[in-house]
Amino acid sequence: MERKTSFGPKSDVRKLVVLDGITRIDADYPDGVFSGYSSLLYVELPQSLRVVGANVFDGCNSLINIELPSVEVIGEDAFNGCISLTNIKSPSVEVIGRAAFEDCKSLTNIEIPVVTDIRNSAFRGCSSLTDVNLPLTECAEYAAFWDCSSLKNIDMPIATEIGDSAF
């Protein structure tokens, strides 16, 4: 049986606006707060948001673009399997968690000038990703960009730690 929201079945939700003042979106259950919202196209996140927790948007198959205006931490599997996601934009993120964007097959563009730590398999399987320009990234852990078969250009000039099979 499909879980329902206060808006009706979660498969009917097309747009989500998170109200200003919210600082964290965390999952209280294993499948994530908005996990599996298959028709969700657009998410508007407030300036107040600092943490997108584990599995929050996991499997939101129709989500195309995500802007993270003030997010400091993206939890593990937060956007895993968002197969229509093409663009990620944020001015700065401290940590991108394990498998946060794994298997985002349509992802072509990452605009995050400042990322301190990219955890294991964060972008693994992003087969449309062509360029990685992360000038202030210090660490890309094991398999961070593994199986990104279209990857042609990598710019991480200050990285001090690159894990095994990162690319």
# chains A, B, ... in the order shown; residues from 1 in each chain; ligands from 1
$ residues_around --residues "Ser165 in chain A" --least-positions-apart "2" --cutoff "7 Å" --atoms "only C-alpha atoms" --output "number ranges by chain"
A: 142-143, 146, 163, 167
$ select_by_dssp --residues "range 74-159 of chain A" --states "strand (DSSP E or B)" --output "PyMOL selection string"
chain A and resi 74+87-89+92-96+109-111+114-118+131-133+139-140+153-155
$ residues_around --residues "Ile158 in chain A" --least-positions-apart "2" --cutoff "8 Å" --atoms "only C-alpha atoms" --output "list in words"
Pro135, Leu136, Thr137, Glu138, Met156 and Thr160 of chain A
$ write_last_selection --atoms "N, CA, C and O atoms" --output "short mmCIF file (atom, residue, chain, number, x, y, z; two decimals), in the first residue's frame"
data_model
loop_
_atom_site.label_atom_id
_atom_site.label_comp_id
_atom_site.auth_asym_id
_atom_site.auth_seq_id
_atom_site.Cartn_x
_atom_site.Cartn_y
_atom_site.Cartn_z
N PRO A 135 37.08 23.06 -7.04
CA PRO A 135 38.39 23.65 -6.76
C PRO A 135 38.82 23.68 -5.30
O PRO A 135 40.01 23.76 -5.02
N LEU A 136 37.89 23.58 -4.37
CA LEU A 136 38.26 23.66 -2.96
C LEU A 136 37.95 22.38 -2.19
O LEU A 136 37.83 22.38 -0.97
N THR A 137 37.86 21.26 -2.90
CA THR A 137 37.61 19.98 -2.26
C THR A 137 38.90 19.40 -1.72
O THR A 137 39.91 19.34 -2.42
N GLU A 138 38.85 18.97 -0.47
CA GLU A 138 40.04 18.42 0.19
C GLU A 138 40.10 16.90 0.10
O GLU A 138 41.17 16.32 0.07
N MET A 156 40.37 19.15 -9.17
CA MET A 156 40.34 19.17 -7.71
C MET A 156 41.76 19.51 -7.25
O MET A 156 42.46 18.69 -6.67
N THR A 160 43.83 16.72 -0.85
CA THR A 160 44.95 16.10 -0.16
C THR A 160 44.72 14.61 0.04
O THR A 160 45.64 13.88 0.40
#
$ atom_distance --atom1 "CA of Val43 in chain A" --atom2 "CA of Asp147 in chain A"
27.2 Å
$ atom_distance --atom1 "CA of Val114 in chain A" --atom2 "CA of Ser70 in chain A"
11.8 Å
$ residues_around --residues "Val115 in chain A" --least-positions-apart "2" --cutoff "10 Å" --atoms "only C-alpha atoms" --output "MDAnalysis selection string"
chainID A and resid 72:73 90:96 112:113 117:118 134:140
$ write_last_selection --atoms "all heavy atoms" --output "tab-separated table (two decimals), in the first residue's frame"
chain	number	residue	atom	x	y	z
A	72	GLU	N	24.83	22.49	4.60
A	72	GLU	CA	26.20	22.17	5.01
A	72	GLU	C	26.48	20.67	4.91
A	72	GLU	O	27.61	20.27	4.65
A	72	GLU	CB	26.44	22.63	6.44
A	72	GLU	CG	26.32	24.14	6.59
A	72	GLU	CD	26.23	24.60	8.03
A	72	GLU	OE1	26.20	23.74	8.95
A	72	GLU	OE2	26.17	25.82	8.25
A	73	VAL	N	25.46	19.85	5.13
A	73	VAL	CA	25.63	18.39	5.11
A	73	VAL	C	24.53	17.76	4.27
A	73	VAL	O	23.34	18.03	4.46
A	73	VAL	CB	25.57	17.82	6.55
A	73	VAL	CG1	25.65	16.30	6.52
A	73	VAL	CG2	26.68	18.40	7.41
A	90	SER	N	24.90	24.55	-5.33
A	90	SER	CA	25.02	25.02	-3.96
A	90	SER	C	26.30	25.85	-3.86
A	90	SER	O	27.30	25.52	-4.49
A	90	SER	CB	25.11	23.86	-2.98
A	90	SER	OG	25.26	24.33	-1.66
A	91	PRO	N	26.30	26.92	-3.05
A	91	PRO	CA	27.53	27.70	-2.91
A	91	PRO	C	28.61	26.98	-2.11
A	91	PRO	O	29.79	27.17	-2.34
A	91	PRO	CB	27.08	28.97	-2.19
A	91	PRO	CG	25.78	28.63	-1.56
A	91	PRO	CD	25.17	27.52	-2.37
A	92	SER	N	28.19	26.12	-1.18
A	92	SER	CA	29.15	25.46	-0.31
A	92	SER	C	28.49	24.32	0.44
A	92	SER	O	27.37	24.46	0.92
A	92	SER	CB	29.70	26.47	0.70
A	92	SER	OG	30.56	25.85	1.61
A	93	VAL	N	29.18	23.19	0.53
A	93	VAL	CA	28.72	22.04	1.30
A	93	VAL	C	29.94	21.47	2.02
A	93	VAL	O	30.98	21.27	1.40
A	93	VAL	CB	28.09	20.94	0.40
A	93	VAL	CG1	27.73	19.71	1.19
A	93	VAL	CG2	26.87	21.47	-0.35
A	94	GLU	N	29.83	21.24	3.30
A	94	GLU	CA	30.96	20.67	4.04
A	94	GLU	C	31.13	19.18	3.72
A	94	GLU	O	32.24	18.73	3.44
A	94	GLU	CB	30.76	20.87	5.54
A	94	GLU	CG	30.91	22.30	5.98
A	94	GLU	CD	30.65	22.49	7.46
A	94	GLU	OE1	30.79	21.53	8.23
A	94	GLU	OE2	30.30	23.61	7.83
A	95	VAL	N	30.04	18.42	3.78
A	95	VAL	CA	30.12	16.97	3.59
A	95	VAL	C	29.02	16.50	2.65
A	95	VAL	O	27.84	16.82	2.84
A	95	VAL	CB	29.98	16.23	4.94
A	95	VAL	CG1	29.98	14.72	4.73
A	95	VAL	CG2	31.07	16.63	5.90
A	96	ILE	N	29.43	15.73	1.65
A	96	ILE	CA	28.48	15.01	0.80
A	96	ILE	C	28.60	13.56	1.21
A	96	ILE	O	29.65	12.93	1.06
A	96	ILE	CB	28.77	15.20	-0.70
A	96	ILE	CG1	28.63	16.68	-1.07
A	96	ILE	CG2	27.84	14.32	-1.54
A	96	ILE	CD1	28.98	17.00	-2.51
A	112	ILE	N	29.14	23.22	-7.16
A	112	ILE	CA	29.39	23.39	-5.73
A	112	ILE	C	30.85	23.81	-5.60
A	112	ILE	O	31.74	22.97	-5.49
A	112	ILE	CB	29.12	22.08	-4.94
A	112	ILE	CG1	27.75	21.50	-5.27
A	112	ILE	CG2	29.24	22.36	-3.44
A	112	ILE	CD1	27.48	20.15	-4.62
A	113	PRO	N	31.12	25.12	-5.63
A	113	PRO	CA	32.51	25.58	-5.60
A	113	PRO	C	33.30	25.13	-4.37
A	113	PRO	O	34.49	24.90	-4.46
A	113	PRO	CB	32.39	27.10	-5.63
A	113	PRO	CG	31.01	27.39	-6.10
A	113	PRO	CD	30.17	26.22	-5.74
A	117	ASP	N	34.47	17.55	1.95
A	117	ASP	CA	34.61	16.10	2.02
A	117	ASP	C	33.54	15.41	1.18
A	117	ASP	O	32.35	15.62	1.39
A	117	ASP	CB	34.49	15.68	3.49
A	117	ASP	CG	34.84	14.22	3.74
A	117	ASP	OD1	35.25	13.52	2.81
A	117	ASP	OD2	34.67	13.79	4.90
A	118	ILE	N	33.98	14.58	0.24
A	118	ILE	CA	33.07	13.77	-0.57
A	118	ILE	C	33.27	12.33	-0.14
A	118	ILE	O	34.33	11.75	-0.33
A	118	ILE	CB	33.36	13.94	-2.07
A	118	ILE	CG1	33.20	15.42	-2.47
A	118	ILE	CG2	32.44	13.05	-2.89
A	118	ILE	CD1	33.63	15.72	-3.88
A	134	LEU	N	35.72	21.00	-8.78
A	134	LEU	CA	35.56	21.19	-7.34
A	134	LEU	C	36.87	21.76	-6.81
A	134	LEU	O	37.67	21.06	-6.19
A	134	LEU	CB	35.21	19.85	-6.67
A	134	LEU	CG	33.91	19.20	-7.19
A	134	LEU	CD1	33.81	17.76	-6.72
A	134	LEU	CD2	32.70	19.99	-6.77
A	135	PRO	N	37.08	23.06	-7.04
A	135	PRO	CA	38.39	23.65	-6.76
A	135	PRO	C	38.82	23.68	-5.30
A	135	PRO	O	40.01	23.76	-5.02
A	135	PRO	CB	38.25	25.08	-7.31
A	135	PRO	CG	36.79	25.34	-7.33
A	135	PRO	CD	36.14	24.02	-7.58
A	136	LEU	N	37.89	23.58	-4.37
A	136	LEU	CA	38.26	23.66	-2.96
A	136	LEU	C	37.95	22.38	-2.19
A	136	LEU	O	37.83	22.38	-0.97
A	136	LEU	CB	37.57	24.87	-2.30
A	136	LEU	CG	37.97	26.21	-2.92
A	136	LEU	CD1	37.17	27.34	-2.30
A	136	LEU	CD2	39.46	26.47	-2.76
A	137	THR	N	37.86	21.26	-2.90
A	137	THR	CA	37.61	19.98	-2.26
A	137	THR	C	38.90	19.40	-1.72
A	137	THR	O	39.91	19.34	-2.42
A	137	THR	CB	36.97	18.99	-3.26
A	137	THR	OG1	35.73	19.54	-3.68
A	137	THR	CG2	36.75	17.63	-2.65
A	138	GLU	N	38.85	18.97	-0.47
A	138	GLU	CA	40.04	18.42	0.19
A	138	GLU	C	40.10	16.90	0.10
A	138	GLU	O	41.17	16.32	0.07
A	138	GLU	CB	40.05	18.84	1.65
A	138	GLU	CG	40.18	20.34	1.83
A	138	GLU	CD	40.01	20.80	3.26
A	138	GLU	OE1	39.94	19.95	4.18
A	138	GLU	OE2	39.94	22.02	3.48
A	139	CYS	N	38.94	16.24	0.07
A	139	CYS	CA	38.92	14.78	0.15
A	139	CYS	C	37.83	14.18	-0.73
A	139	CYS	O	36.68	14.62	-0.68
A	139	CYS	CB	38.70	14.37	1.61
A	139	CYS	SG	38.50	12.60	1.84
A	140	ALA	N	38.19	13.20	-1.53
A	140	ALA	CA	37.24	12.38	-2.28
A	140	ALA	C	37.54	10.93	-1.90
A	140	ALA	O	38.60	10.40	-2.25
A	140	ALA	CB	37.38	12.59	-3.78
$ residues_around --residues "Ser62 in chain A" --least-positions-apart "2" --cutoff "7 Å" --atoms "only C-alpha atoms" --output "tab-separated table (two decimals) with N, CA and C atoms, in the first residue's frame"
chain	number	residue	atom	x	y	z
A	38	SER	N	7.61	9.59	-6.64
A	38	SER	CA	7.98	9.32	-8.03
A	38	SER	C	7.62	10.43	-9.02
A	39	SER	N	6.69	11.30	-8.68
A	39	SER	CA	6.29	12.38	-9.60
A	39	SER	C	6.84	13.74	-9.19
A	40	LEU	N	7.63	13.79	-8.12
A	40	LEU	CA	8.16	15.06	-7.62
A	40	LEU	C	9.14	15.65	-8.64
A	41	LEU	N	8.80	16.83	-9.16
A	41	LEU	CA	9.62	17.49	-10.17
A	41	LEU	C	10.48	18.60	-9.59
A	60	CYS	N	13.46	9.61	-5.88
A	60	CYS	CA	12.52	10.59	-6.46
A	60	CYS	C	12.83	10.66	-7.95
A	64	ILE	N	14.37	16.86	-11.25
A	64	ILE	CA	15.29	17.27	-12.31
A	64	ILE	C	16.43	18.13	-11.80
A	84	SER	N	16.41	11.24	-12.91
A	84	SER	CA	16.17	12.38	-13.81
A	84	SER	C	16.94	13.63	-13.39
$ residues_around --residues "Asn55 in chain A" --least-positions-apart "6" --cutoff "9 Å" --atoms "only C-alpha atoms" --output "PyMOL selection string"
chain A and resi 26-27+30-35+75-80+100
$ residues_around --residues "Ile88 in chain A" --least-positions-apart "2" --cutoff "6 Å" --atoms "only C-alpha atoms" --output "PyMOL selection string"
chain A and resi 66+110-111
$ atom_distance --atom1 "CA of Gly97 in chain A" --atom2 "CA of Ile22 in chain A"
20.2 Å
